[in-house]
>>> print(open('target-v7.csv').read())   # CSV, C-alpha atoms (C1' of nucleotides)
chain,number,residue,atom,x,y,z
A,1,MET,CA,119.7,129.5,151.7
A,2,GLY,CA,122.2,128.7,154.3
A,3,TYR,CA,122.3,126.2,157.2
A,4,THR,CA,120.6,126.5,160.6
A,5,ILE,CA,122.6,126.4,163.8
A,6,LYS,CA,121.4,122.9,164.3
A,7,GLN,CA,122.5,121.6,161.0
A,8,VAL,CA,125.9,123.2,161.5
A,9,SER,CA,126.1,121.7,165.0
A,10,GLU,CA,125.4,118.2,163.7
A,11,ARG,CA,127.9,118.6,160.9
A,12,SER,CA,130.7,120.0,163.0
A,13,ASN,CA,130.2,118.1,166.3
A,14,LEU,CA,129.9,121.3,168.2
A,15,THR,CA,126.9,122.2,170.2
A,16,ALA,CA,124.7,125.1,169.2
A,17,HIS,CA,125.8,126.7,172.5
A,18,VAL,CA,129.5,126.4,171.4
A,19,LEU,CA,128.7,127.8,168.0
A,20,ARG,CA,127.2,130.9,169.5
A,21,TYR,CA,130.0,131.1,172.0
A,22,TYR,CA,132.6,131.0,169.3
A,23,GLU,CA,130.8,133.7,167.4
A,24,LYS,CA,130.5,135.9,170.5
A,25,GLU,CA,134.2,135.4,171.3
A,26,GLY,CA,135.1,136.5,167.8
A,27,LEU,CA,136.5,133.2,166.5
A,28,LEU,CA,133.8,133.0,163.8
A,29,PRO,CA,133.0,136.3,162.1
A,30,PRO,CA,129.4,137.4,162.7
A,31,VAL,CA,127.0,135.1,160.9
A,32,ARG,CA,124.3,136.5,158.7
A,33,ARG,CA,120.8,136.5,160.1
A,34,SER,CA,117.3,136.4,158.8
A,35,SER,CA,115.1,139.4,159.4
A,36,SER,CA,113.9,137.6,162.5
A,37,GLY,CA,117.4,137.2,163.8
A,38,ILE,CA,118.0,133.5,163.0
A,39,ARG,CA,121.5,132.6,162.0
A,40,HIS,CA,122.0,131.3,158.5
A,41,TYR,CA,125.5,129.9,158.0
A,42,THR,CA,127.0,130.1,154.5
A,43,GLU,CA,129.4,127.6,153.0
A,44,GLU,CA,132.1,130.1,153.7
A,45,ASP,CA,131.2,130.1,157.4
A,46,LEU,CA,131.5,126.3,157.3
A,47,GLU,CA,134.9,126.4,155.8
A,48,CYS,CA,135.9,129.0,158.4
A,49,LEU,CA,134.6,126.8,161.1
A,50,ASP,CA,136.5,123.8,159.7
A,51,TRP,CA,139.7,125.8,159.9
A,52,ILE,CA,138.9,126.9,163.4
A,53,CYS,CA,138.5,123.3,164.4
A,54,CYS,CA,141.7,122.4,162.7
A,55,LEU,CA,143.5,125.0,164.8
A,56,LYS,CA,141.7,123.9,167.9
A,57,ASN,CA,142.5,120.2,167.2
A,58,THR,CA,146.1,121.0,167.0
A,59,GLY,CA,145.9,122.4,170.5
A,60,MET,CA,145.7,126.2,169.7
A,61,SER,CA,143.9,128.0,172.5
A,62,ILE,CA,140.7,129.9,171.9
A,63,LYS,CA,142.5,133.1,172.7
A,64,GLN,CA,145.1,132.5,170.0
A,65,ILE,CA,142.6,131.5,167.5
A,66,LYS,CA,140.7,134.7,168.3
A,67,ALA,CA,143.9,136.7,167.7
A,68,PHE,CA,144.4,134.8,164.4
A,69,MET,CA,140.9,135.6,163.2
A,70,ALA,CA,141.3,139.2,164.2
A,71,LEU,CA,144.4,139.4,161.9
A,72,HIS,CA,142.4,137.7,159.2
A,73,ALA,CA,139.6,140.3,159.6
A,74,ALA,CA,142.2,143.1,159.4
A,75,GLY,CA,143.0,142.3,155.8
A,76,PRO,CA,145.8,141.1,153.7
A,77,ASN,CA,148.4,143.3,155.3
A,78,THR,CA,148.5,140.9,158.1
A,79,LEU,CA,149.3,137.8,156.0
A,80,PRO,CA,152.9,137.7,157.2
A,81,GLN,CA,151.9,137.9,160.8
A,82,ARG,CA,149.4,135.1,160.4
A,83,CYS,CA,152.0,133.1,158.5
A,84,ASP,CA,154.4,133.6,161.4
A,85,MET,CA,151.8,132.5,163.9
A,86,LEU,CA,151.1,129.3,161.9
A,87,ARG,CA,154.8,128.5,161.5
A,88,ALA,CA,155.4,129.0,165.3
A,89,HIS,CA,152.3,126.9,166.0
A,90,LYS,CA,153.5,124.2,163.6
A,91,LEU,CA,156.9,124.0,165.3
A,92,GLN,CA,155.3,123.7,168.6
A,93,VAL,CA,153.0,120.9,167.6
A,94,GLU,CA,155.8,119.0,165.9
A,95,ALA,CA,157.9,119.3,169.1
A,96,GLN,CA,154.9,118.1,171.1
A,97,MET,CA,154.5,115.1,168.8
A,98,LEU,CA,158.1,114.1,169.1
A,99,GLU,CA,157.8,114.2,172.9
A,100,LEU,CA,154.6,112.2,172.7
A,101,GLN,CA,156.4,109.6,170.6
A,102,ARG,CA,159.3,109.4,173.0
A,103,HIS,CA,157.0,108.9,176.0
A,104,LEU,CA,154.8,106.5,174.1
A,105,GLU,CA,157.8,104.2,173.6
A,106,LYS,CA,158.3,104.1,177.3
A,107,VAL,CA,154.7,103.0,177.7
A,108,SER,CA,155.3,100.3,175.1
A,109,HIS,CA,158.3,99.0,176.9
A,110,LYS,CA,156.4,98.9,180.1
A,111,ILE,CA,153.6,96.9,178.5
A,112,GLU,CA,156.2,94.3,177.3
A,113,TYR,CA,157.8,94.3,180.7
A,114,PHE,CA,154.5,93.7,182.4
A,115,THR,CA,153.6,90.9,180.1
A,116,GLY,CA,156.9,89.2,180.9
A,117,GLN,CA,156.5,89.9,184.6
A,118,TYR,CA,153.1,88.4,184.9
A,119,ALA,CA,154.2,85.2,183.2
A,120,ALA,CA,157.0,84.9,185.7
A,121,TYR,CA,154.6,85.6,188.5
A,122,LEU,CA,152.3,82.9,187.4
A,123,ALA,CA,155.2,80.5,186.9
A,124,GLY,CA,156.3,81.3,190.4
A,125,GLY,CA,153.0,80.0,191.7
A,126,GLY,CA,151.1,83.2,191.7
A,127,SER,CA,152.0,83.9,195.3
A,128,ALA,CA,152.8,87.3,196.5
A,129,ARG,CA,156.2,86.1,197.6
A,130,PRO,CA,158.6,85.4,194.8
A,131,ALA,CA,160.2,81.9,194.9
A,132,ALA,CA,163.8,81.9,196.1
A,133,GLY,CA,166.2,82.3,193.3
A,134,ASP,CA,163.9,84.2,191.1
A,135,ALA,CA,165.0,87.5,189.7
A,136,GLN,CA,163.5,90.6,191.4
A,137,LEU,CA,159.8,90.1,191.1
A,138,ALA,CA,158.9,93.0,193.2
A,139,GLU,CA,156.7,95.8,192.0
A,140,SER,CA,159.2,98.5,191.8
A,141,PRO,CA,161.4,98.3,188.7
A,142,ILE,CA,159.7,101.1,186.8
A,143,ILE,CA,160.9,101.0,183.2
B,1,MET,CA,170.4,110.2,202.2
B,2,GLY,CA,167.7,111.2,199.7
B,3,TYR,CA,166.9,114.3,197.8
B,4,THR,CA,165.1,117.4,199.1
B,5,ILE,CA,161.9,118.6,197.5
B,6,LYS,CA,163.8,121.4,195.9
B,7,GLN,CA,166.4,119.1,194.3
B,8,VAL,CA,163.6,116.9,193.0
B,9,SER,CA,161.7,119.9,191.7
B,10,GLU,CA,164.8,121.1,189.8
B,11,ARG,CA,165.5,117.7,188.4
B,12,SER,CA,161.9,117.0,187.3
B,13,ASN,CA,160.8,120.4,186.2
B,14,LEU,CA,157.8,120.3,188.6
B,15,THR,CA,157.4,122.9,191.3
B,16,ALA,CA,157.6,121.8,194.9
B,17,HIS,CA,153.9,122.6,195.1
B,18,VAL,CA,153.2,120.1,192.4
B,19,LEU,CA,155.3,117.5,194.0
B,20,ARG,CA,153.3,117.8,197.2
B,21,TYR,CA,150.1,117.9,195.3
B,22,TYR,CA,150.9,114.7,193.5
B,23,GLU,CA,151.8,113.0,196.7
B,24,LYS,CA,148.6,114.3,198.4
B,25,GLU,CA,146.5,113.1,195.4
B,26,GLY,CA,148.1,109.7,195.6
B,27,LEU,CA,150.1,109.7,192.4
B,28,LEU,CA,153.3,109.3,194.2
B,29,PRO,CA,153.4,106.9,197.2
B,30,PRO,CA,154.0,108.8,200.5
B,31,VAL,CA,157.6,110.0,200.6
B,32,ARG,CA,159.7,109.2,203.6
B,33,ARG,CA,160.3,112.1,206.0
B,34,SER,CA,162.9,113.2,208.4
B,35,SER,CA,162.0,113.4,212.1
B,36,SER,CA,161.1,117.1,211.5
B,37,GLY,CA,158.7,116.1,208.7
B,38,ILE,CA,160.9,117.1,205.7
B,39,ARG,CA,160.6,114.9,202.6
B,40,HIS,CA,163.5,112.8,201.5
B,41,TYR,CA,163.0,111.4,198.1
B,42,THR,CA,164.8,108.1,197.3
B,43,GLU,CA,166.0,107.0,193.9
B,44,GLU,CA,163.0,104.8,193.7
B,45,ASP,CA,160.7,107.8,194.2
B,46,LEU,CA,162.5,109.5,191.4
B,47,GLU,CA,162.0,106.6,189.0
B,48,CYS,CA,158.4,106.5,190.0
B,49,LEU,CA,158.1,110.2,189.4
B,50,ASP,CA,159.6,109.8,185.9
B,51,TRP,CA,157.0,107.2,185.1
B,52,ILE,CA,154.3,109.5,186.3
B,53,CYS,CA,155.6,112.2,184.1
B,54,CYS,CA,155.7,109.8,181.2
B,55,LEU,CA,152.0,109.0,181.7
B,56,LYS,CA,151.2,112.6,182.2
B,57,ASN,CA,153.1,113.7,179.1
B,58,THR,CA,151.2,111.2,177.0
B,59,GLY,CA,148.0,112.9,178.2
B,60,MET,CA,146.8,110.6,180.9
B,61,SER,CA,144.7,112.4,183.4
B,62,ILE,CA,145.8,112.8,187.1
B,63,LYS,CA,142.7,110.7,188.0
B,64,GLN,CA,143.8,107.8,185.8
B,65,ILE,CA,147.4,107.9,186.9
B,66,LYS,CA,146.1,107.8,190.4
B,67,ALA,CA,144.0,104.7,189.5
B,68,PHE,CA,147.1,103.1,187.9
B,69,MET,CA,149.3,103.8,191.0
B,70,ALA,CA,146.6,102.4,193.2
B,71,LEU,CA,146.7,99.1,191.2
B,72,HIS,CA,150.4,99.2,191.5
B,73,ALA,CA,150.2,99.5,195.2
B,74,ALA,CA,147.8,96.6,195.4
B,75,GLY,CA,150.4,94.2,194.3
B,76,PRO,CA,151.3,91.9,191.4
B,77,ASN,CA,147.7,90.5,191.1
B,78,THR,CA,146.8,93.7,189.3
B,79,LEU,CA,149.5,93.3,186.6
B,80,PRO,CA,147.0,92.3,183.9
B,81,GLN,CA,144.7,95.2,184.7
B,82,ARG,CA,147.5,97.7,184.6
B,83,CYS,CA,148.7,96.1,181.4
B,84,ASP,CA,145.2,96.6,179.9
B,85,MET,CA,145.1,100.2,181.0
B,86,LEU,CA,148.4,100.9,179.3
B,87,ARG,CA,147.4,99.1,176.1
B,88,ALA,CA,144.2,101.1,176.0
B,89,HIS,CA,146.0,104.3,176.7
B,90,LYS,CA,148.6,103.5,174.0
B,91,LEU,CA,145.8,103.0,171.4
B,92,GLN,CA,144.3,106.3,172.4
B,93,VAL,CA,147.5,108.2,172.1
B,94,GLU,CA,148.2,106.7,168.7
B,95,ALA,CA,144.9,107.7,167.4
B,96,GLN,CA,145.4,111.2,168.8
B,97,MET,CA,148.7,111.4,167.0
B,98,LEU,CA,147.2,110.5,163.7
B,99,GLU,CA,144.6,113.2,164.1
B,100,LEU,CA,147.2,115.6,165.1
B,101,GLN,CA,149.2,114.8,162.0
B,102,ARG,CA,146.2,115.1,159.7
B,103,HIS,CA,145.4,118.5,161.1
B,104,LEU,CA,149.0,119.6,161.0
B,105,GLU,CA,149.1,118.9,157.3
B,106,LYS,CA,146.2,121.4,156.8
B,107,VAL,CA,148.2,124.0,158.8
B,108,SER,CA,151.2,123.3,156.5
B,109,HIS,CA,149.1,123.8,153.4
B,110,LYS,CA,147.8,127.0,154.8
B,111,ILE,CA,151.3,128.3,155.4
B,112,GLU,CA,152.3,127.6,151.8
B,113,TYR,CA,149.1,129.1,150.5
B,114,PHE,CA,149.7,132.2,152.6
B,115,THR,CA,153.2,132.5,151.3
B,116,GLY,CA,152.0,132.4,147.7
B,117,GLN,CA,149.2,134.8,148.5
B,118,TYR,CA,151.4,137.4,150.0
B,119,ALA,CA,153.7,137.3,147.0
B,120,ALA,CA,150.7,137.9,144.7
B,121,TYR,CA,149.5,140.6,147.0
B,122,LEU,CA,152.8,142.5,146.8
B,123,ALA,CA,153.0,142.0,143.1
B,124,GLY,CA,149.6,143.5,142.8
B,125,GLY,CA,150.9,146.7,144.3
B,126,GLY,CA,150.2,145.9,147.9
B,127,SER,CA,146.9,147.7,147.7
B,128,ALA,CA,143.8,146.4,149.5
B,129,ARG,CA,142.0,146.2,146.2
B,130,PRO,CA,143.3,143.4,143.9
B,131,ALA,CA,144.4,144.4,140.4
B,132,ALA,CA,141.9,143.5,137.7
B,133,GLY,CA,142.5,140.1,136.2
B,134,ASP,CA,144.1,138.7,139.3
B,135,ALA,CA,142.8,135.5,140.7
B,136,GLN,CA,140.7,135.8,143.9
B,137,LEU,CA,142.9,137.7,146.3
B,138,ALA,CA,140.3,138.0,148.9
B,139,GLU,CA,140.8,136.7,152.3
B,140,SER,CA,138.4,133.9,152.5
B,141,PRO,CA,139.7,130.8,150.7
B,142,ILE,CA,140.3,128.8,153.8
B,143,ILE,CA,142.4,125.8,152.8
C,1,DA,C1',97.2,125.4,165.9
C,2,DT,C1',100.5,123.4,168.2
C,3,DA,C1',105.0,121.6,168.8
C,4,DA,C1',109.8,122.1,168.0
C,5,DA,C1',113.5,125.1,167.2
C,6,DG,C1',115.4,129.7,167.5
C,7,DC,C1',116.8,134.0,169.8
C,8,DT,C1',118.6,136.9,174.0
C,9,DT,C1',120.6,138.0,178.5
C,10,DA,C1',122.5,136.8,182.7
C,11,DA,C1',124.1,134.4,186.0
C,12,DC,C1',125.8,130.3,188.0
C,13,DC,C1',128.1,125.6,187.7
C,14,DT,C1',131.9,122.2,186.3
C,15,DT,C1',136.4,119.9,185.7
C,16,DA,C1',141.3,119.6,185.4
C,17,DA,C1',145.3,120.8,187.0
C,18,DC,C1',147.4,123.5,189.3
C,19,DT,C1',148.6,128.0,192.2
C,20,DC,C1',148.7,130.9,195.9
C,21,DT,C1',147.9,132.4,200.8
C,22,DA,C1',148.1,132.2,205.6
C,23,DA,C1',150.0,130.9,209.5
C,24,DG,C1',153.3,128.5,211.4
C,25,DT,C1',157.8,125.2,212.2
C,26,DC,C1',162.6,124.2,211.7
C,27,DA,C1',167.6,124.5,210.5
C,28,DA,C1',171.8,126.8,209.0
C,29,DG,C1',174.8,130.9,208.6
C,30,DC,C1',176.8,135.0,210.7
D,1,DG,C1',170.7,134.6,219.2
D,2,DC,C1',168.7,136.3,215.4
D,3,DT,C1',167.7,136.4,210.6
D,4,DT,C1',166.9,134.0,206.4
D,5,DG,C1',165.1,130.9,203.9
D,6,DA,C1',163.3,126.3,203.2
D,7,DC,C1',159.7,123.5,204.8
D,8,DT,C1',154.9,122.3,206.7
D,9,DT,C1',149.5,122.2,206.4
D,10,DA,C1',144.8,123.4,205.1
D,11,DG,C1',142.2,125.5,202.2
D,12,DA,C1',140.9,129.1,199.0
D,13,DG,C1',141.6,131.0,194.3
D,14,DT,C1',142.6,130.6,189.2
D,15,DT,C1',142.2,129.6,184.2
D,16,DA,C1',140.3,127.5,180.2
D,17,DA,C1',136.7,126.0,177.8
D,18,DG,C1',132.7,125.3,178.0
D,19,DG,C1',127.8,123.5,180.2
D,20,DT,C1',123.3,124.5,182.6
D,21,DT,C1',119.3,126.9,183.8
D,22,DA,C1',115.8,130.2,183.5
D,23,DA,C1',112.8,133.4,181.7
D,24,DG,C1',110.6,135.1,178.1
D,25,DC,C1',109.8,135.8,173.5
D,26,DT,C1',109.6,134.7,168.2
D,27,DT,C1',109.5,131.6,164.2
D,28,DT,C1',109.0,127.8,161.5
D,29,DA,C1',107.4,123.3,160.3
D,30,DT,C1',103.6,119.8,160.3
>>> encode(input="target-v7.csv", output="structure tokens")
Amino acid sequence: MGYTIKQVSERSNLTAHVLRYYEKEGLLPPVRRSSSGIRHYTEEDLECLDWICCLKNTGMSIKQIKAFMALHAAGPNTLPQRCDMLRAHKLQVEAQMLELQRHLEKVSHKIEYFTGQYAAYLAGGGSARPAAGDAQLAESPII
Amino acid sequence: MGYTIKQVSERSNLTAHVLRYYEKEGLLPPVRRSSSGIRHYTEEDLECLDWICCLKNTGMSIKQIKAFMALHAAGPNTLPQRCDMLRAHKLQVEAQMLELQRHLEKVSHKIEYFTGQYAAYLAGGGSARPAAGDAQLAESPII
DNA sequence: ATAAAGCTTAACCTTAACTCTAAGTCAAGC
DNA sequence: GCTTGACTTAGAGTTAAGGTTAAGCTTTAT
């Protein structure tokens, strides 16, 4: 009947400490306890946790996740607000991914440039001073 | 003869504070100064800064950028090491982007699900209690 | 019956990446 | 010649998201 905090911790890759922390902060709704106070996580809790991790893994802050879950707890009237939150978040993440891609291309160029430069450097005798007539072998040309 | 810290700050979207901070931390090689100690950034400095931002924007830590720039400063012998760093970084970023994409899809699903749910909720009279015969209108089904 | 796992509170520590403050110097405009 | 505003430094403070430690007690598994 339910999972212990340790089982959930193993399954979710979050420490027990973090699970309690999330619950205290109101990300996860209060988990049912045994008479002795021990947490027993239900399947529903696990799904909820997955969703929290999903939001977290797309870069949403704890604060915002908390706000989202508060809306959730407030009932179906808040569906449009939650939907708006998610749409805004999605746009943000998409923009971020485009940026990331753009910058990653620069990194790729640089890798190619470096590869070529090292070949030239070795061909030039591997000395710190470029052979006369060589194209700029200096360090600087960034990108 | 060079750009002031303010000009660079405007151009780069980094505050003057951050520019000094980067220089102090060794990301940016020491910038030339006027006799009175005022920084004058060269075009080369700007290119260097662009590259730093590129690394930063792909999620490289200040510490790693610092290590990278130290290798750069150490001369062409370090080209292979820098190249390795960049390759490793690229792989990491690519993996991260895949993850991001995966999680973003979940968010998209949720948005669609919410949209449908709200329509059903309104059709059901907008009451907190679902009309009999309706499919689960409760909050829980996460994803 | 003993060890391993759980619970709580409460306070303190950490890391990254800034951000701000204080106290002071310097240069340009009116 | 004074004010304004940009610049300097060193160093303290901030925020987010946890991590660590300790004390002390309870349960559960073997």
>>> calpha_fit_rmsd(input="target-v7.csv", fixed="chain B", moving="chain A")
0.4 Å
>>> closest_atom_pairs(input="target-v7.csv", of="chain B", to="chain A", cutoff="6 Å", atoms="only C-alpha atoms", output="CSV")
residue,atom,partner,partner_atom,distance
B:Cys54,CA,A:His103,CA,5.4
B:Thr58,CA,A:Leu100,CA,5.6
B:Cys83,CA,A:Ile111,CA,5.7
B:Leu100,CA,A:Thr58,CA,5.8
B:His103,CA,A:Cys54,CA,5.6
B:Ile111,CA,A:Cys83,CA,5.8
>>> interface_residues(input="target-v7.csv", of="chain D", to="chain B", cutoff="12 Å", atoms="all atoms listed in the file", output="PyMOL selection string")
chain D and resi 6-10
>>> write_last_selection(input="target-v7.csv", atoms="C-alpha atoms (C1' of nucleotides)", output="PDB file, in the coordinates of the input")
ATOM      1  C1'  DA D   6     163.300 126.300 203.200  1.00  0.00           C
ATOM      2  C1'  DC D   7     159.700 123.500 204.800  1.00  0.00           C
ATOM      3  C1'  DT D   8     154.900 122.300 206.700  1.00  0.00           C
ATOM      4  C1'  DT D   9     149.500 122.200 206.400  1.00  0.00           C
ATOM      5  C1'  DA D  10     144.800 123.400 205.100  1.00  0.00           C
TER       6       DA D  10
END
>>> interface_residues(input="target-v7.csv", of="chain C", to="chain B", cutoff="10 Å", atoms="all atoms listed in the file", output="list of chain:residue names")
C:DA16, C:DA17, C:DC18, C:DT19, C:DC20, C:DT25, C:DC26, C:DA27
>>> atom_distance(input="target-v7.csv", atom1="atom C1' of D:DA22", atom2="atom CA of A:Gln7")
25.0 Å
>>> closest_residue(input="target-v7.csv", among="A:Ala70, A:Ala95, A:Ala88, A:Ala123", to="A:Glu25", atoms="only C-alpha atoms")
A:Ala70
>>> residues_around(input="target-v7.csv", residues="C:DA28", least_positions_apart="6", cutoff="12 Å", atoms="only C-alpha atoms (C1' of nucleotides)", output="PyMOL selection string")
chain D and resi 2-6
>>> write_last_selection(input="target-v7.csv", atoms="C-alpha atoms (C1' of nucleotides)", output="short mmCIF file (atom, residue, chain, number, x, y, z; two decimals), keeping the file's coordinate frame")
data_model
loop_
_atom_site.label_atom_id
_atom_site.label_comp_id
_atom_site.auth_asym_id
_atom_site.auth_seq_id
_atom_site.Cartn_x
_atom_site.Cartn_y
_atom_site.Cartn_z
"C1'" DC D 2 168.70 136.30 215.40
"C1'" DT D 3 167.70 136.40 210.60
"C1'" DT D 4 166.90 134.00 206.40
"C1'" DG D 5 165.10 130.90 203.90
"C1'" DA D 6 163.30 126.30 203.20
#
